[in-house]
Amino acid sequence: MEPLEKKVKDLWAQIEETSKKLGILELRNELHEIDKKMLVPDFWHNAKEASELSKRRAFLVTKTQPWADLRESLSDTTELLVYYEGDEGNKSIYEDLLKQYQRDKQTFDQLKKELRFNGPYDDHDVILSIYAGAGGTDAQDWAQMLLRMYSRWAENHKLAVKTVDQSSGETAGIKSVTLEITSGSFLYGKLAGEHGVHRLVRKSPFNSAGSRETSFAKVDVLPMIDRPEEVLIDDKDLKIDTFRAGGHGGQSVNTTDSAVRVTHIPTGVSVAIQNERSQLQNKETALTILRSRLAQLQVEQHVDALSEIKGPSQANEFGSQIRNYILDDRILKDLRTGYENHDPQKILDGDLDPLIDAWLENR
């Protein structure tokens with residue numbers, strides 16, 4: 001049997017190699033620099049910059065602390081091994097060290113999965129939008145079901161979810177919704193595989209015959225680009241329109257032109273936001289989503305500059321589904337990875353991790 005001392009030494013070597021590939025040391029250095037800035041007395045005088053740095057710091061802690069904890073645990077094991085390995089009188093302590101090594105190895109195997117996230121925006125938060133497609137009320141209800149599915153998944157992983165914009169259906173469900181999903185690790189890398197058209201087949205609860213209906217909803221997953229320097233847009237390429245936000249009437253109706261539509265003229269990509277009462281807030285949100293959409297197009301089209309981007313392809317609209325949810329037959333199938341599940345309701349209740357793992361292994 002291989003001695004524990006050698007196992008620990010080998011694990012150290014693997015940790016060093018993987019940490020180097022992931023740039024953990026550079027991230028720790030960046031964290032230290034931010035900590036130094038936060039100690040300056042006038043740090044909070046510029047509230048926007050301070051907020052951005054605080055958010056960046058939270059991400060860096062989430063990314064690097066598990067590696068620091070693993071190193072500390074393995075260091076303790078290494079130190080104690082000097083005294084206890086081979087000492088029959090301390091067999092129980094040695095067995096405890098062996099168990100601790102096994103736990104450290106399991107932790108490393110989990111952290112090593114971060115190597116799967118090698119896309120330029122995989123470590124970013126996510127802007128996720130859902131649009132009801134063909135299928136009328138059934139499709140709008142299907143969009144609502146998908147909203148519940150992603151919200152449940154986020155809740156299960158203790159993520160923050162903010163509704164940026166939402167349009168309700170006439171009878172039931174929603175026509176569209178846009179969410180910000182934040183406070184997690186590699187969220188875009190994990191959710192990028194959800195981008196596409198989702199097809200539902202079920203007995204409709206909205207017709208008296210209870211006939212089998214097919215509904216479509218499109219899910220857009222974008223990396224959240226909330227730092228303008230990541231995607232620089234020339235002001236002359238932007239068209240900004242303001243209009244009166246819609247409402248349900250009564251005292252809550254918005255009587256000012258607070259809604260904002262921002263259009264990127266070269267590509268025709270347009271984003272309209274009316275969720276906030278402040279025109280400035282809606283403009284900032286629209287610009288964040290626009291930058292995010294352009295960044296995604298840049299990656300999809302394998303180009304180096306925004307000037308090379310073509311407008312979004314309409315061929316990717318409803319009809320080219322990535323996944324089928326057939327409720328009566330109790331089957332879910334992802335058409336890209338081949339993953340199948342015979343309990344689609346469990347997936348719809350937020351258990352997306354098997355689908356995410358299948359996507360990451362096949363992308």
# chains A, B, ... in the order shown; residues from 1 in each chain; ligands from 1

call {"tool": "residues_around", "arguments": {"residues": "Leu191 in chain A", "least_positions_apart": "3", "cutoff": "9 Å", "atoms": "only C-alpha atoms", "output": "number ranges by chain"}}
result
A: 126, 128, 186-188, 194-195, 221-222, 356

call {"tool": "write_last_selection", "arguments": {"atoms": "C-alpha atoms", "output": "compact mmCIF listing (two decimals), in the first residue's frame"}}
result
# COMPACT_ATOMS: atom_id res chain seq x y z
CA VAL A 126 -25.59 35.80 -15.73
CA LEU A 128 -31.07 35.10 -18.26
CA PHE A 186 -18.72 30.36 -12.75
CA LEU A 187 -22.42 31.05 -13.29
CA TYR A 188 -22.15 31.77 -17.02
CA GLU A 194 -29.38 26.47 -21.21
CA HIS A 195 -29.23 28.95 -24.09
CA VAL A 221 -28.19 33.23 -21.35
CA LEU A 222 -25.70 36.11 -21.40
CA ILE A 356 -25.26 21.15 -16.47

call {"tool": "closest_atom_pairs", "arguments": {"of": "range 122-235 of chain A", "to": "range 258-282 of chain A", "cutoff": "8 Å", "atoms": "only C-alpha atoms", "output": "CSV"}}
result
residue,atom,partner,partner_atom,distance
A:Val164,CA,A:Asn275,CA,6.2
A:Asp165,CA,A:Asn275,CA,5.3
A:Gln166,CA,A:Asn275,CA,7.8

call {"tool": "residues_around", "arguments": {"residues": "Ala192 in chain A", "least_positions_apart": "5", "cutoff": "12 Å", "atoms": "only C-alpha atoms", "output": "ChimeraX atom specification"}}
result
/A:117,119,121-128,186-187,219-224,296,299-300,355-357,359-360,363

call {"tool": "write_last_selection", "arguments": {"atoms": "N, CA and C atoms", "output": "tab-separated table (two decimals), in the first residue's frame"}}
result
chain	number	residue	atom	x	y	z
A	117	PHE	N	-14.02	25.32	-16.89
A	117	PHE	CA	-14.50	26.66	-17.21
A	117	PHE	C	-13.36	27.47	-17.79
A	119	GLY	N	-13.81	29.35	-20.83
A	119	GLY	CA	-14.31	30.37	-21.75
A	119	GLY	C	-13.99	31.76	-21.22
A	121	TYR	N	-15.74	34.29	-20.58
A	121	TYR	CA	-16.70	34.89	-19.65
A	121	TYR	C	-17.29	33.87	-18.67
A	122	ASP	N	-16.69	32.69	-18.59
A	122	ASP	CA	-17.26	31.64	-17.75
A	122	ASP	C	-17.38	32.03	-16.28
A	123	ASP	N	-16.51	32.93	-15.82
A	123	ASP	CA	-16.54	33.30	-14.41
A	123	ASP	C	-17.50	34.46	-14.12
A	124	HIS	N	-18.27	34.89	-15.11
A	124	HIS	CA	-19.17	36.03	-14.95
A	124	HIS	C	-20.53	35.60	-14.39
A	125	ASP	N	-21.22	36.58	-13.81
A	125	ASP	CA	-22.61	36.38	-13.44
A	125	ASP	C	-23.45	36.30	-14.72
A	126	VAL	N	-24.76	36.13	-14.57
A	126	VAL	CA	-25.59	35.80	-15.73
A	126	VAL	C	-26.80	36.72	-15.84
A	127	ILE	N	-27.12	37.07	-17.09
A	127	ILE	CA	-28.40	37.67	-17.42
A	127	ILE	C	-29.18	36.62	-18.20
A	128	LEU	N	-30.28	36.18	-17.65
A	128	LEU	CA	-31.07	35.10	-18.26
A	128	LEU	C	-32.45	35.63	-18.62
A	186	PHE	N	-18.65	30.84	-11.37
A	186	PHE	CA	-18.72	30.36	-12.75
A	186	PHE	C	-20.17	30.20	-13.23
A	187	LEU	N	-21.00	31.18	-12.95
A	187	LEU	CA	-22.42	31.05	-13.29
A	187	LEU	C	-22.65	30.99	-14.80
A	219	VAL	N	-34.76	30.53	-24.32
A	219	VAL	CA	-33.98	30.97	-23.17
A	219	VAL	C	-32.69	31.60	-23.70
A	220	ASP	N	-32.45	32.86	-23.33
A	220	ASP	CA	-31.20	33.55	-23.65
A	220	ASP	C	-30.35	33.60	-22.40
A	221	VAL	N	-29.11	33.16	-22.48
A	221	VAL	CA	-28.19	33.23	-21.35
A	221	VAL	C	-26.99	34.07	-21.77
A	222	LEU	N	-26.77	35.18	-21.07
A	222	LEU	CA	-25.70	36.11	-21.40
A	222	LEU	C	-24.74	36.26	-20.22
A	223	PRO	N	-23.45	36.42	-20.49
A	223	PRO	CA	-22.53	36.78	-19.40
A	223	PRO	C	-22.77	38.23	-19.02
A	224	MET	N	-22.91	38.51	-17.73
A	224	MET	CA	-23.18	39.88	-17.31
A	224	MET	C	-21.90	40.72	-17.42
A	296	GLN	N	-21.57	38.11	-26.05
A	296	GLN	CA	-21.95	36.75	-26.41
A	296	GLN	C	-21.87	36.54	-27.92
A	299	VAL	N	-18.31	36.05	-29.03
A	299	VAL	CA	-17.81	34.70	-28.77
A	299	VAL	C	-18.41	33.71	-29.76
A	300	GLU	N	-19.73	33.80	-29.98
A	300	GLU	CA	-20.40	32.87	-30.89
A	300	GLU	C	-19.86	32.96	-32.31
A	355	LEU	N	-28.01	18.04	-15.88
A	355	LEU	CA	-27.97	18.60	-17.23
A	355	LEU	C	-26.75	19.48	-17.43
A	356	ILE	N	-26.43	20.27	-16.40
A	356	ILE	CA	-25.26	21.15	-16.47
A	356	ILE	C	-23.98	20.32	-16.58
A	357	ASP	N	-23.86	19.26	-15.78
A	357	ASP	CA	-22.67	18.41	-15.84
A	357	ASP	C	-22.53	17.76	-17.22
A	359	TRP	N	-23.64	18.91	-20.04
A	359	TRP	CA	-23.25	19.95	-20.99
A	359	TRP	C	-21.76	20.25	-20.89
A	360	LEU	N	-21.26	20.38	-19.65
A	360	LEU	CA	-19.86	20.72	-19.46
A	360	LEU	C	-18.92	19.63	-19.97
A	363	ARG	N	-19.28	19.88	-24.08
A	363	ARG	CA	-19.14	21.10	-24.89
A	363	ARG	C	-17.75	21.16	-25.51

call {"tool": "residues_around", "arguments": {"residues": "Glu114 in chain A", "least_positions_apart": "6", "cutoff": "12 Å", "atoms": "only C-alpha atoms", "output": "VMD selection string"}}
result
chain A and resid 18 to 19 21 to 24 63 to 64 66 to 67 107 to 108 122 to 123 185 to 187 189 to 190 357 360

call {"tool": "atom_distance", "arguments": {"atom1": "CA of Glu49 in chain A", "atom2": "CA of Ala286 in chain A"}}
result
19.4 Å

call {"tool": "closest_residue", "arguments": {"among": "A:Leu290, A:Lys239, A:Asp76, A:Gly173", "to": "Tyr131 in chain A", "atoms": "only C-alpha atoms"}}
result
A:Gly173

call {"tool": "residues_around", "arguments": {"residues": "Val231 in chain A", "least_positions_apart": "4", "cutoff": "9 Å", "atoms": "only C-alpha atoms", "output": "compact mmCIF listing (two decimals) with N, CA and C atoms, in the first residue's frame"}}
result
# COMPACT_ATOMS: atom_id res chain seq x y z
N ILE A 225 -21.92 41.68 -18.33
CA ILE A 225 -20.78 42.58 -18.52
C ILE A 225 -21.13 43.91 -17.84
N ARG A 227 -18.90 45.81 -16.23
CA ARG A 227 -17.76 46.74 -16.26
C ARG A 227 -17.58 47.20 -17.70
N ARG A 291 -24.20 45.34 -23.65
CA ARG A 291 -22.80 44.90 -23.66
C ARG A 291 -22.72 43.38 -23.54
N SER A 292 -23.57 42.81 -22.70
CA SER A 292 -23.58 41.36 -22.49
C SER A 292 -23.98 40.63 -23.76
N LEU A 294 -23.69 41.73 -26.88
CA LEU A 294 -22.63 41.89 -27.87
C LEU A 294 -21.44 40.99 -27.55
N ALA A 295 -21.12 40.85 -26.26
CA ALA A 295 -20.02 39.96 -25.86
C ALA A 295 -20.33 38.52 -26.25
N LEU A 306 -15.68 44.23 -31.98
CA LEU A 306 -17.11 44.49 -32.15
C LEU A 306 -17.46 44.86 -33.58

call {"tool": "atom_distance", "arguments": {"atom1": "CA of Ile181 in chain A", "atom2": "CA of Asp237 in chain A"}}
result
28.2 Å

call {"tool": "select_by_dssp", "arguments": {"residues": "range 77-194 of chain A", "states": "strand (DSSP E)", "output": "ChimeraX atom specification"}}
result
/A:126-132,160-168,174-182

call {"tool": "residues_around", "arguments": {"residues": "Thr77 in chain A", "least_positions_apart": "3", "cutoff": "12 Å", "atoms": "only C-alpha atoms", "output": "ChimeraX atom specification"}}
result
/A:4-5,7-9,11-12,70-74,80-85,93-104

call {"tool": "write_last_selection", "arguments": {"atoms": "N, CA and C atoms", "output": "PDB file, in the first residue's frame"}}
result
ATOM      1  N   LEU A   4       1.026   7.054   3.250  1.00  0.00           N
ATOM      2  CA  LEU A   4       0.259   8.292   3.271  1.00  0.00           C
ATOM      3  C   LEU A   4       1.126   9.499   2.957  1.00  0.00           C
ATOM      4  N   GLU A   5       2.367   9.476   3.398  1.00  0.00           N
ATOM      5  CA  GLU A   5       3.266  10.603   3.143  1.00  0.00           C
ATOM      6  C   GLU A   5       3.411  10.870   1.652  1.00  0.00           C
ATOM      7  N   LYS A   7       1.218   9.950  -0.710  1.00  0.00           N
ATOM      8  CA  LYS A   7      -0.082  10.407  -1.221  1.00  0.00           C
ATOM      9  C   LYS A   7      -0.254  11.911  -1.000  1.00  0.00           C
ATOM     10  N   VAL A   8       0.115  12.352   0.204  1.00  0.00           N
ATOM     11  CA  VAL A   8      -0.005  13.774   0.526  1.00  0.00           C
ATOM     12  C   VAL A   8       0.919  14.604  -0.371  1.00  0.00           C
ATOM     13  N   LYS A   9       2.125  14.114  -0.593  1.00  0.00           N
ATOM     14  CA  LYS A   9       3.083  14.820  -1.444  1.00  0.00           C
ATOM     15  C   LYS A   9       2.553  14.934  -2.873  1.00  0.00           C
ATOM     16  N   LEU A  11      -0.576  14.880  -3.771  1.00  0.00           N
ATOM     17  CA  LEU A  11      -1.716  15.788  -3.773  1.00  0.00           C
ATOM     18  C   LEU A  11      -1.251  17.242  -3.786  1.00  0.00           C
ATOM     19  N   TRP A  12      -0.180  17.529  -3.012  1.00  0.00           N
ATOM     20  CA  TRP A  12       0.387  18.873  -3.050  1.00  0.00           C
ATOM     21  C   TRP A  12       0.789  19.266  -4.474  1.00  0.00           C
ATOM     22  N   LEU A  70      -8.089  24.491   1.610  1.00  0.00           N
ATOM     23  CA  LEU A  70      -7.541  23.179   1.278  1.00  0.00           C
ATOM     24  C   LEU A  70      -6.050  23.112   1.606  1.00  0.00           C
ATOM     25  N   ARG A  71      -5.333  24.175   1.260  1.00  0.00           N
ATOM     26  CA  ARG A  71      -3.897  24.214   1.549  1.00  0.00           C
ATOM     27  C   ARG A  71      -3.644  24.149   3.058  1.00  0.00           C
ATOM     28  N   GLU A  72      -4.435  24.874   3.826  1.00  0.00           N
ATOM     29  CA  GLU A  72      -4.256  24.885   5.271  1.00  0.00           C
ATOM     30  C   GLU A  72      -4.506  23.504   5.863  1.00  0.00           C
ATOM     31  N   SER A  73      -5.567  22.837   5.392  1.00  0.00           N
ATOM     32  CA  SER A  73      -5.883  21.505   5.894  1.00  0.00           C
ATOM     33  C   SER A  73      -4.778  20.504   5.556  1.00  0.00           C
ATOM     34  N   LEU A  74      -4.297  20.551   4.310  1.00  0.00           N
ATOM     35  CA  LEU A  74      -3.262  19.607   3.891  1.00  0.00           C
ATOM     36  C   LEU A  74      -1.930  19.919   4.581  1.00  0.00           C
ATOM     37  N   LEU A  80       1.641  16.995  10.909  1.00  0.00           N
ATOM     38  CA  LEU A  80       1.372  15.949  11.901  1.00  0.00           C
ATOM     39  C   LEU A  80       1.951  14.604  11.476  1.00  0.00           C
ATOM     40  N   LEU A  81       2.030  14.389  10.154  1.00  0.00           N
ATOM     41  CA  LEU A  81       2.579  13.122   9.668  1.00  0.00           C
ATOM     42  C   LEU A  81       4.026  12.917  10.117  1.00  0.00           C
ATOM     43  N   VAL A  82       4.764  13.994  10.253  1.00  0.00           N
ATOM     44  CA  VAL A  82       6.156  13.903  10.693  1.00  0.00           C
ATOM     45  C   VAL A  82       6.248  13.174  12.032  1.00  0.00           C
ATOM     46  N   TYR A  83       5.247  13.365  12.863  1.00  0.00           N
ATOM     47  CA  TYR A  83       5.269  12.776  14.205  1.00  0.00           C
ATOM     48  C   TYR A  83       4.597  11.413  14.289  1.00  0.00           C
ATOM     49  N   TYR A  84       3.582  11.161  13.422  1.00  0.00           N
ATOM     50  CA  TYR A  84       2.747   9.994  13.660  1.00  0.00           C
ATOM     51  C   TYR A  84       2.891   8.863  12.643  1.00  0.00           C
ATOM     52  N   GLU A  85       3.416   9.114  11.454  1.00  0.00           N
ATOM     53  CA  GLU A  85       3.465   8.021  10.472  1.00  0.00           C
ATOM     54  C   GLU A  85       4.420   6.920  10.943  1.00  0.00           C
ATOM     55  N   ILE A  93      -4.540   8.023  15.610  1.00  0.00           N
ATOM     56  CA  ILE A  93      -4.304   9.362  15.083  1.00  0.00           C
ATOM     57  C   ILE A  93      -3.922   9.286  13.605  1.00  0.00           C
ATOM     58  N   TYR A  94      -3.121   8.289  13.271  1.00  0.00           N
ATOM     59  CA  TYR A  94      -2.730   8.093  11.871  1.00  0.00           C
ATOM     60  C   TYR A  94      -3.961   7.835  11.002  1.00  0.00           C
ATOM     61  N   GLU A  95      -4.886   7.037  11.511  1.00  0.00           N
ATOM     62  CA  GLU A  95      -6.119   6.752  10.760  1.00  0.00           C
ATOM     63  C   GLU A  95      -6.949   8.016  10.581  1.00  0.00           C
ATOM     64  N   ASP A  96      -6.932   8.878  11.614  1.00  0.00           N
ATOM     65  CA  ASP A  96      -7.629  10.163  11.480  1.00  0.00           C
ATOM     66  C   ASP A  96      -7.000  11.016  10.387  1.00  0.00           C
ATOM     67  N   LEU A  97      -5.677  10.994  10.318  1.00  0.00           N
ATOM     68  CA  LEU A  97      -4.978  11.749   9.282  1.00  0.00           C
ATOM     69  C   LEU A  97      -5.294  11.197   7.891  1.00  0.00           C
ATOM     70  N   LEU A  98      -5.414   9.878   7.808  1.00  0.00           N
ATOM     71  CA  LEU A  98      -5.767   9.252   6.533  1.00  0.00           C
ATOM     72  C   LEU A  98      -7.159   9.712   6.083  1.00  0.00           C
ATOM     73  N   LYS A  99      -8.090   9.757   7.025  1.00  0.00           N
ATOM     74  CA  LYS A  99      -9.453  10.205   6.695  1.00  0.00           C
ATOM     75  C   LYS A  99      -9.448  11.669   6.263  1.00  0.00           C
ATOM     76  N   GLN A 100      -8.618  12.479   6.941  1.00  0.00           N
ATOM     77  CA  GLN A 100      -8.535  13.891   6.573  1.00  0.00           C
ATOM     78  C   GLN A 100      -7.944  14.051   5.176  1.00  0.00           C
ATOM     79  N   TYR A 101      -6.939  13.237   4.866  1.00  0.00           N
ATOM     80  CA  TYR A 101      -6.363  13.266   3.520  1.00  0.00           C
ATOM     81  C   TYR A 101      -7.446  12.921   2.481  1.00  0.00           C
ATOM     82  N   GLN A 102      -8.252  11.911   2.776  1.00  0.00           N
ATOM     83  CA  GLN A 102      -9.297  11.496   1.843  1.00  0.00           C
ATOM     84  C   GLN A 102     -10.316  12.613   1.622  1.00  0.00           C
ATOM     85  N   ARG A 103     -10.636  13.340   2.723  1.00  0.00           N
ATOM     86  CA  ARG A 103     -11.547  14.479   2.575  1.00  0.00           C
ATOM     87  C   ARG A 103     -10.910  15.580   1.726  1.00  0.00           C
ATOM     88  N   ASP A 104      -9.613  15.818   1.960  1.00  0.00           N
ATOM     89  CA  ASP A 104      -8.906  16.829   1.170  1.00  0.00           C
ATOM     90  C   ASP A 104      -8.857  16.440  -0.305  1.00  0.00           C
TER      91      ASP A 104
END

call {"tool": "closest_residue", "arguments": {"among": "A:Pro228, A:Pro312, A:Pro3, A:Gly196", "to": "Thr285 in chain A", "atoms": "only C-alpha atoms"}}
result
A:Pro228

call {"tool": "select_by_dssp", "arguments": {"residues": "range 174-349 of chain A", "states": "alpha helix (DSSP H)", "output": "MDAnalysis selection string"}}
result
chainID A and resid 187:191 279:300 344:348
